[in-house]
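A.B. asks: To be precise about what I am sending: the file is called final-v9.cif and holds mmCIF, C-alpha atoms and all ligand atoms.
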```
data_structure
#
loop_
_atom_site.group_PDB
_atom_site.id
_atom_site.type_symbol
_atom_site.label_atom_id
_atom_site.label_comp_id
_atom_site.auth_asym_id
_atom_site.auth_seq_id
_atom_site.Cartn_x
_atom_site.Cartn_y
_atom_site.Cartn_z
ATOM 1 C CA MET A 1 92.233 128.304 34.555
ATOM 2 C CA LYS A 2 90.134 125.705 36.308
ATOM 3 C CA ILE A 3 89.845 122.010 35.402
ATOM 4 C CA HIS A 4 86.797 119.941 36.247
ATOM 5 C CA THR A 5 86.702 116.215 35.478
ATOM 6 C CA LEU A 6 83.508 114.194 35.210
ATOM 7 C CA PHE A 7 82.922 110.530 34.449
ATOM 8 C CA THR A 8 80.868 110.190 31.277
ATOM 9 C CA GLY A 9 79.944 106.522 31.110
ATOM 10 C CA VAL A 10 83.270 104.790 30.546
ATOM 11 C CA ALA A 11 85.894 107.533 30.304
ATOM 12 C CA ASN A 12 86.552 110.997 31.693
ATOM 13 C CA THR A 13 85.468 114.306 30.241
ATOM 14 C CA HIS A 14 87.629 117.247 31.299
ATOM 15 C CA LEU A 15 86.169 120.755 31.323
ATOM 16 C CA ILE A 16 88.802 123.488 31.104
ATOM 17 C CA VAL A 17 87.410 126.824 32.179
ATOM 18 C CA THR A 18 89.442 129.858 31.128
ATOM 19 C CA ALA A 19 88.714 133.577 31.073
ATOM 20 C CA ALA A 20 87.821 133.157 27.393
ATOM 21 C CA GLY A 21 85.412 130.255 27.740
ATOM 22 C CA VAL A 22 85.267 126.498 28.124
ATOM 23 C CA ILE A 23 87.219 123.761 26.344
ATOM 24 C CA VAL A 24 85.680 120.290 26.499
ATOM 25 C CA VAL A 25 88.310 117.527 26.342
ATOM 26 C CA ASP A 26 86.470 114.367 25.230
ATOM 27 C CA ALA A 27 82.730 114.017 24.853
ATOM 28 C CA GLY A 28 82.006 110.752 26.697
ATOM 29 C CA MET A 29 79.752 107.885 25.692
ATOM 30 C CA PRO A 30 76.551 108.496 23.685
ATOM 31 C CA HIS A 31 73.731 110.231 25.645
ATOM 32 C CA GLN A 32 76.152 112.123 27.924
ATOM 33 C CA ALA A 33 75.768 115.589 26.385
ATOM 34 C CA ARG A 34 73.109 116.717 28.852
ATOM 35 C CA ARG A 35 75.285 115.700 31.804
ATOM 36 C CA ILE A 36 78.258 117.549 30.360
ATOM 37 C CA VAL A 37 76.170 120.685 29.793
ATOM 38 C CA ASN A 38 74.822 120.477 33.352
ATOM 39 C CA ALA A 39 78.400 120.306 34.637
ATOM 40 C CA ILE A 40 79.274 123.378 32.577
ATOM 41 C CA ARG A 41 76.307 125.229 34.085
ATOM 42 C CA ASN A 42 77.369 124.153 37.589
ATOM 43 C CA LEU A 43 80.726 125.803 36.888
ATOM 44 C CA GLY A 44 78.879 129.063 36.253
ATOM 45 C CA ARG A 45 79.182 128.945 32.484
ATOM 46 C CA ALA A 46 76.677 128.542 29.671
ATOM 47 C CA PRO A 47 76.690 126.026 26.790
ATOM 48 C CA GLY A 48 77.420 128.924 24.430
ATOM 49 C CA ASP A 49 80.684 129.555 26.320
ATOM 50 C CA VAL A 50 82.172 126.340 24.917
ATOM 51 C CA ARG A 51 84.872 127.302 22.425
ATOM 52 C CA LEU A 52 86.029 123.856 21.364
ATOM 53 C CA ILE A 53 85.078 120.193 21.745
ATOM 54 C CA LEU A 54 88.437 118.469 21.571
ATOM 55 C CA ILE A 55 88.407 114.702 21.028
ATOM 56 C CA THR A 56 91.664 113.010 22.084
ATOM 57 C CA HIS A 57 90.870 110.046 19.820
ATOM 58 C CA GLY A 58 87.967 108.504 17.971
ATOM 59 C CA HIS A 59 86.807 105.753 20.355
ATOM 60 C CA ILE A 60 83.149 105.758 21.399
ATOM 61 C CA ASP A 61 83.879 106.389 25.093
ATOM 62 C CA HIS A 62 85.548 109.689 24.111
ATOM 63 C CA ALA A 63 83.641 110.701 20.976
ATOM 64 C CA GLY A 64 80.166 109.284 21.677
ATOM 65 C CA SER A 65 78.435 112.571 22.510
ATOM 66 C CA ALA A 66 80.477 114.829 20.227
ATOM 67 C CA VAL A 67 77.655 115.399 17.746
ATOM 68 C CA ALA A 68 75.048 116.056 20.454
ATOM 69 C CA LEU A 69 77.407 118.415 22.275
ATOM 70 C CA ARG A 70 78.185 120.279 19.051
ATOM 71 C CA HIS A 71 74.446 120.673 18.480
ATOM 72 C CA ILE A 72 73.821 122.099 21.971
ATOM 73 C CA THR A 73 76.873 124.358 22.246
ATOM 74 C CA GLY A 74 77.495 125.368 18.637
ATOM 75 C CA ALA A 75 81.212 124.749 19.244
ATOM 76 C CA PRO A 76 83.391 123.011 16.646
ATOM 77 C CA VAL A 77 84.621 119.453 17.144
ATOM 78 C CA ALA A 78 88.401 119.026 16.832
ATOM 79 C CA MET A 79 90.254 115.766 16.258
ATOM 80 C CA HIS A 80 93.400 114.489 14.571
ATOM 81 C CA PRO A 81 92.841 113.352 10.944
ATOM 82 C CA GLY A 82 94.382 109.983 11.838
ATOM 83 C CA ASP A 83 91.174 109.000 13.640
ATOM 84 C CA VAL A 84 88.615 110.249 11.122
ATOM 85 C CA ARG A 85 88.127 106.627 9.965
ATOM 86 C CA LEU A 86 87.048 105.698 13.526
ATOM 87 C CA THR A 87 84.175 108.190 13.696
ATOM 88 C CA ALA A 88 83.068 107.826 10.062
ATOM 89 C CA THR A 89 81.050 104.651 10.752
ATOM 90 C CA PRO A 90 78.923 103.669 13.779
ATOM 91 C CA SER A 91 80.525 100.274 14.474
ATOM 92 C CA LEU A 92 82.562 99.674 17.630
ATOM 93 C CA LYS A 93 86.294 99.646 16.965
ATOM 94 C CA ILE A 94 88.568 98.258 19.659
ATOM 95 C CA PRO A 95 92.244 97.750 18.774
ATOM 96 C CA PRO A 96 94.088 94.520 19.634
ATOM 97 C CA GLY A 97 94.539 93.894 23.363
ATOM 98 C CA ARG A 98 97.851 94.591 25.063
ATOM 99 C CA THR A 99 97.591 91.336 27.020
ATOM 100 C CA PRO A 100 95.664 88.071 26.428
ATOM 101 C CA ALA A 101 93.188 89.140 29.132
ATOM 102 C CA THR A 102 92.406 92.501 27.561
ATOM 103 C CA GLU A 103 92.209 90.888 24.109
ATOM 104 C CA THR A 104 89.593 88.455 25.460
ATOM 105 C CA LEU A 105 87.648 91.373 26.939
ATOM 106 C CA GLY A 106 88.018 93.304 23.695
ATOM 107 C CA ALA A 107 86.693 90.366 21.665
ATOM 108 C CA MET A 108 83.633 90.202 23.924
ATOM 109 C CA LEU A 109 83.037 93.934 23.567
ATOM 110 C CA ARG A 110 83.422 93.737 19.783
ATOM 111 C CA ALA A 111 80.852 90.936 19.706
ATOM 112 C CA CYS A 112 78.269 93.184 21.428
ATOM 113 C CA GLY A 113 79.469 96.305 19.641
ATOM 114 C CA GLY A 114 76.235 96.834 17.730
ATOM 115 C CA ILE A 115 74.269 97.589 20.897
ATOM 116 C CA ILE A 116 75.474 101.180 21.206
ATOM 117 C CA PRO A 117 76.192 102.697 17.796
ATOM 118 C CA LEU A 118 78.395 105.761 17.475
ATOM 119 C CA GLU A 119 76.756 108.892 16.127
ATOM 120 C CA THR A 120 79.150 109.437 13.238
ATOM 121 C CA PHE A 121 80.842 112.720 12.437
ATOM 122 C CA ALA A 122 83.705 114.378 10.638
ATOM 123 C CA PRO A 123 85.668 116.871 12.762
ATOM 124 C CA ASP A 124 85.272 120.583 12.050
ATOM 125 C CA VAL A 125 88.878 121.274 13.048
ATOM 126 C CA ALA A 126 91.762 118.997 12.043
ATOM 127 C CA LEU A 127 94.383 119.039 14.791
ATOM 128 C CA ALA A 128 98.092 118.731 13.987
ATOM 129 C CA ASP A 129 101.164 118.113 16.114
ATOM 130 C CA GLY A 130 102.419 121.371 17.623
ATOM 131 C CA GLN A 131 99.230 123.298 16.880
ATOM 132 C CA SER A 132 98.415 126.124 19.283
ATOM 133 C CA LEU A 133 94.932 126.302 20.817
ATOM 134 C CA ARG A 134 95.174 130.019 21.611
ATOM 135 C CA GLU A 135 92.564 130.902 18.994
ATOM 136 C CA PHE A 136 90.128 128.880 21.125
ATOM 137 C CA GLY A 137 91.075 130.761 24.292
ATOM 138 C CA PHE A 138 93.319 128.041 25.703
ATOM 139 C CA ALA A 139 97.081 128.609 26.178
ATOM 140 C CA ALA A 140 98.064 125.106 25.114
ATOM 141 C CA ARG A 141 99.398 123.080 22.230
ATOM 142 C CA VAL A 142 98.570 119.775 20.607
ATOM 143 C CA ILE A 143 101.051 116.891 20.834
ATOM 144 C CA HIS A 144 100.537 113.916 18.511
ATOM 145 C CA THR A 145 100.841 110.796 20.717
ATOM 146 C CA PRO A 146 99.779 107.879 18.464
ATOM 147 C CA GLY A 147 99.836 104.168 19.212
ATOM 148 C CA HIS A 148 96.585 103.566 21.075
ATOM 149 C CA THR A 149 95.111 104.896 17.820
ATOM 150 C CA ALA A 150 96.883 106.527 14.884
ATOM 151 C CA GLY A 151 95.210 109.861 15.590
ATOM 152 C CA SER A 152 95.588 109.965 19.381
ATOM 153 C CA ILE A 153 96.610 113.396 20.626
ATOM 154 C CA SER A 154 97.598 114.961 23.922
ATOM 155 C CA VAL A 155 97.191 118.605 24.912
ATOM 156 C CA LEU A 156 99.815 120.437 26.958
ATOM 157 C CA GLY A 157 98.729 123.607 28.739
ATOM 158 C CA ASP A 158 101.304 126.351 29.294
ATOM 159 C CA ASP A 159 100.817 125.762 33.033
ATOM 160 C CA GLY A 160 102.023 122.146 32.756
ATOM 161 C CA ALA A 161 98.619 120.411 32.773
ATOM 162 C CA LEU A 162 98.707 117.595 30.239
ATOM 163 C CA PHE A 163 95.688 115.749 28.826
ATOM 164 C CA VAL A 164 96.709 112.404 27.354
ATOM 165 C CA GLY A 165 93.464 110.630 26.440
ATOM 166 C CA ASP A 166 94.185 106.900 26.393
ATOM 167 C CA ALA A 167 97.914 107.163 25.635
ATOM 168 C CA ILE A 168 98.479 106.495 29.353
ATOM 169 C CA LEU A 169 95.818 105.228 31.756
ATOM 170 C CA ASN A 170 95.481 105.342 35.532
ATOM 171 C CA LEU A 171 93.009 102.528 36.210
ATOM 172 C CA VAL A 172 94.645 100.523 38.992
ATOM 173 C CA ARG A 173 97.960 102.225 38.453
ATOM 174 C CA VAL A 174 99.592 104.413 35.824
ATOM 175 C CA SER A 175 100.050 102.135 32.812
ATOM 176 C CA PHE A 176 99.904 101.669 29.084
ATOM 177 C CA PRO A 177 96.444 101.489 27.458
ATOM 178 C CA LEU A 178 94.570 98.172 27.508
ATOM 179 C CA TYR A 179 94.359 98.234 23.696
ATOM 180 C CA TRP A 180 96.675 99.579 21.040
ATOM 181 C CA GLU A 181 96.889 99.717 17.293
ATOM 182 C CA ASP A 182 100.696 99.819 17.391
ATOM 183 C CA ALA A 183 102.609 98.799 20.524
ATOM 184 C CA GLY A 184 105.975 100.242 19.464
ATOM 185 C CA VAL A 185 104.475 103.580 18.522
ATOM 186 C CA ALA A 186 102.470 103.662 21.783
ATOM 187 C CA ARG A 187 105.626 103.077 23.825
ATOM 188 C CA ALA A 188 107.424 105.858 21.955
ATOM 189 C CA SER A 189 104.489 108.189 22.660
ATOM 190 C CA ALA A 190 104.675 107.398 26.391
ATOM 191 C CA CYS A 191 108.327 108.465 26.359
ATOM 192 C CA LYS A 192 107.418 111.565 24.354
ATOM 193 C CA ILE A 193 104.857 112.394 27.062
ATOM 194 C CA ARG A 194 107.480 111.940 29.804
ATOM 195 C CA ALA A 195 109.853 114.257 27.951
ATOM 196 C CA LEU A 196 107.255 117.035 28.148
ATOM 197 C CA ASN A 197 107.793 117.184 31.944
ATOM 198 C CA PRO A 198 104.116 117.701 32.741
ATOM 199 C CA ARG A 199 103.152 119.013 36.175
ATOM 200 C CA VAL A 200 99.933 117.004 36.280
ATOM 201 C CA VAL A 201 98.568 114.405 33.856
ATOM 202 C CA TYR A 202 94.838 114.030 33.118
ATOM 203 C CA SER A 203 94.087 110.609 31.638
ATOM 204 C CA GLY A 204 91.006 109.434 29.808
ATOM 205 C CA HIS A 205 90.579 106.752 32.475
ATOM 206 C CA GLY A 206 91.279 107.161 36.186
ATOM 207 C CA ALA A 207 92.402 109.995 38.414
ATOM 208 C CA ALA A 208 94.911 112.677 37.497
ATOM 209 C CA PHE A 209 98.500 111.976 38.556
ATOM 210 C CA ASP A 210 101.759 113.844 38.933
ATOM 211 C CA LEU A 211 105.186 113.614 37.301
ATOM 212 C CA HIS A 212 106.436 111.343 40.066
ATOM 213 C CA ALA A 213 103.751 108.746 39.289
ATOM 214 C CA LEU A 214 104.409 109.108 35.567
ATOM 215 C CA ASP A 215 108.118 108.499 36.163
ATOM 216 C CA ALA A 216 107.465 105.448 38.313
ATOM 217 C CA PHE A 217 105.701 103.877 35.329
ATOM 218 C CA VAL A 218 107.374 105.223 32.223
ATOM 219 C CA GLY A 219 110.907 105.652 33.573
ATOM 220 C CA LYS A 220 111.772 102.011 33.007
ATOM 221 C CA HIS A 221 110.605 102.089 29.393
ATOM 222 C CA CYS A 222 112.411 105.211 28.213
ATOM 223 C CA GLY A 223 116.128 105.555 27.640
HETATM 224 ZN ZN ZN B 1 88.992 105.256 26.514
HETATM 225 ZN ZN ZN B 2 90.558 104.595 23.511
#
```
Give the structure from the file, written as structure tokens.
Ligand SMILES: [Zn+2]
Ligand SMILES: [Zn+2]
C.D. replies:
Amino acid sequence: MKIHTLFTGVANTHLIVTAAGVIVVDAGMPHQARRIVNAIRNLGRAPGDVRLILITHGHIDHAGSAVALRHITGAPVAMHPGDVRLTATPSLKIPPGRTPATETLGAMLRACGGIIPLETFAPDVALADGQSLREFGFAARVIHTPGHTAGSISVLGDDGALFVGDAILNLVRVSFPLYWEDAGVARASACKIRALNPRVVYSGHGAAFDLHALDAFVGKHCG
């Protein structure tokens, strides 16, 4: 298994290349599908090799090119039902800020939210906590890690690679998300992620980090 991460406008898209095909974790901002497909080709695979387009949660920086990517690859789009409301309408949806500064930024973004509409969709595959992804050629399971959004999910590969979306970020340092629908639930999800003992964590924002870095952040929050 090989993991390739590319920056798709605001967030990361992770390409997981297995013997069985390619899994796309998050679809980037709108108009990023061509870049993602080019990256797949550069890895020696074809668009038709994509087995699943997995959306960690329904925000535009992760779901923006899902429809275009589905059209090019023919692969199904998978998401947790808890976020279907986020991708059902084109308007920008940013949860309350974690700090006054991020709330101010969020309010500004909401005010200009009509500039880039989301291409709406309903997922083809509804992901559930504990679900195996083996049928899509990926030895991994889905972990429900809500809080940032109600339908936020993580994906834990059998080899210890963990994809967390925006449940935990690594912008300046490993930290909680800038925005969250439910702070208490988000904190509990961070502890749930720690308890998985991942070998390496791939966030929606920032570079991948190891268990040591995760511990340095989350250790003080979890009992
Ligand atoms: Zn994001
Ligand atoms: Zn998000």
A.B. asks: So what does the PyMOL selection byres (((chain A and resi 42-46) around 9) and not hetatm) actually pick up in this one, as an MDAnalysis selection string?
C.D. replies: chainID A and resid 4 17 21:22 37:41 47:50 73
A.B. asks: Please evaluate the PyMOL selection byres (((chain A and resi 125-139) around 7) and not hetatm) against the displayed coordinates and give the resulting residues as a PyMOL selection string.
C.D. replies: chain A and resi 18+20-21+51-52+76-81+123-124+140-144+157-158
A.B. asks: Using only C-alpha atoms, determine which residues lie at most 10 Å from range 103-117 of chain A, disregarding the query and same-chain residues fewer than 6 positions distant; provide the list as a ChimeraX atom specification.
C.D. replies: /A:29-30,60,64,89-97,178-179
A.B. asks: With C-alpha atoms retained, write the just-selected residues as a PDB file, in the coordinates of the input.
C.D. replies:
```pdb
ATOM      1  CA  MET A  29      79.752 107.885  25.692  1.00  0.00           C
ATOM      2  CA  PRO A  30      76.551 108.496  23.685  1.00  0.00           C
ATOM      3  CA  ILE A  60      83.149 105.758  21.399  1.00  0.00           C
ATOM      4  CA  GLY A  64      80.166 109.284  21.677  1.00  0.00           C
ATOM      5  CA  THR A  89      81.050 104.651  10.752  1.00  0.00           C
ATOM      6  CA  PRO A  90      78.923 103.669  13.779  1.00  0.00           C
ATOM      7  CA  SER A  91      80.525 100.274  14.474  1.00  0.00           C
ATOM      8  CA  LEU A  92      82.562  99.674  17.630  1.00  0.00           C
ATOM      9  CA  LYS A  93      86.294  99.646  16.965  1.00  0.00           C
ATOM     10  CA  ILE A  94      88.568  98.258  19.659  1.00  0.00           C
ATOM     11  CA  PRO A  95      92.244  97.750  18.774  1.00  0.00           C
ATOM     12  CA  PRO A  96      94.088  94.520  19.634  1.00  0.00           C
ATOM     13  CA  GLY A  97      94.539  93.894  23.363  1.00  0.00           C
ATOM     14  CA  LEU A 178      94.570  98.172  27.508  1.00  0.00           C
ATOM     15  CA  TYR A 179      94.359  98.234  23.696  1.00  0.00           C
TER      16      TYR A 179
END
```
A.B. asks: Would you list the residues that come within 8 Å of ligand ZN 2 (chain B)? Count all atoms listed in the file and give the answer as a PyMOL selection string.
C.D. replies: chain A and resi 57-62+94+148-149+165-166+177+179+204
A.B. asks: What separation in Å, quoted to one decimal, exists between CA of Arg35 in chain A and CA of Lys2 in chain A?
C.D. replies: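 We find that CA of Arg35 in chain A and CA of Lys2 in chain A lie 18.5 Å from each other.
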A.B. asks: Translate the PyMOL selection byres (((chain A and resi 174) around 9) and not hetatm), as applied to the file shown, into an explicit residue set as an MDAnalysis selection string.
C.D. replies: chainID A and resid 168:173 175:176 206 209 213:214 216:218
A.B. asks: With all atoms listed in the file as the atoms that count, which of A:His205, A:Arg199, A:Ala150, A:Gly28 lies nearest to Gly184 in chain A?
C.D. replies: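 Looking at the shortest contact to Gly184 in chain A, the residue is A:Ala150.
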A.B. asks: Looking at A:Val201, A:Ala207, A:Ala188, A:Ala27, which one is nearest to Cys222 in chain A, with distances taken over only C-alpha atoms?
C.D. replies: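 Answer, going by the shortest atom-to-atom distance: A:Ala188.
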A.B. asks: Using all atoms listed in the file, can you tell me which of A:Ala68, A:Val200, A:Ala33, A:Val164 comes closest to ligand ZN 1 (chain B)?
C.D. replies: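 Distance minimum relative to ligand ZN 1 (chain B) lands on A:Val164.
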A.B. asks: Using Å and a single decimal, report how far CA of Glu181 in chain A sits from CA of Leu6 in chain A.
C.D. replies: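 So the two atoms, CA of Leu6 in chain A and CA of Glu181 in chain A, lie 26.6 Å apart.
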A.B. asks: For CA of Pro100 in chain A and CA of Val185 in chain A, determine how far apart the two atoms are, in Å to one decimal place.
C.D. replies: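 Separation of CA of Pro100 in chain A and CA of Val185 in chain A: 19.5 Å.
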A.B. asks: Of the candidates A:Ala167, A:Leu86, A:Ser152, A:Trp180, which shows the shortest atom-to-atom distance to Arg98 in chain A, using only C-alpha atoms?
C.D. replies: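 Checking each of A:Ala167, A:Leu86, A:Ser152, A:Trp180 against Arg98 in chain A, counting only C-alpha atoms, the winner is A:Trp180.
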A.B. asks: Taking all atoms listed in the file into account, which of A:Pro198, A:Pro146, A:Gly9, A:Gly223 comes nearest ligand ZN 1 (chain B)?
C.D. replies: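 The answer is A:Gly9, which sits nearest to ligand ZN 1 (chain B).
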A.B. asks: Could you tell me which of A:Ile55, A:Leu156, A:Leu69, A:Met1 comes closest to ligand ZN 1 (chain B) if we count all atoms listed in the file?
C.D. replies: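 Of the candidates, the smallest distance to ligand ZN 1 (chain B) is held by A:Ile55.
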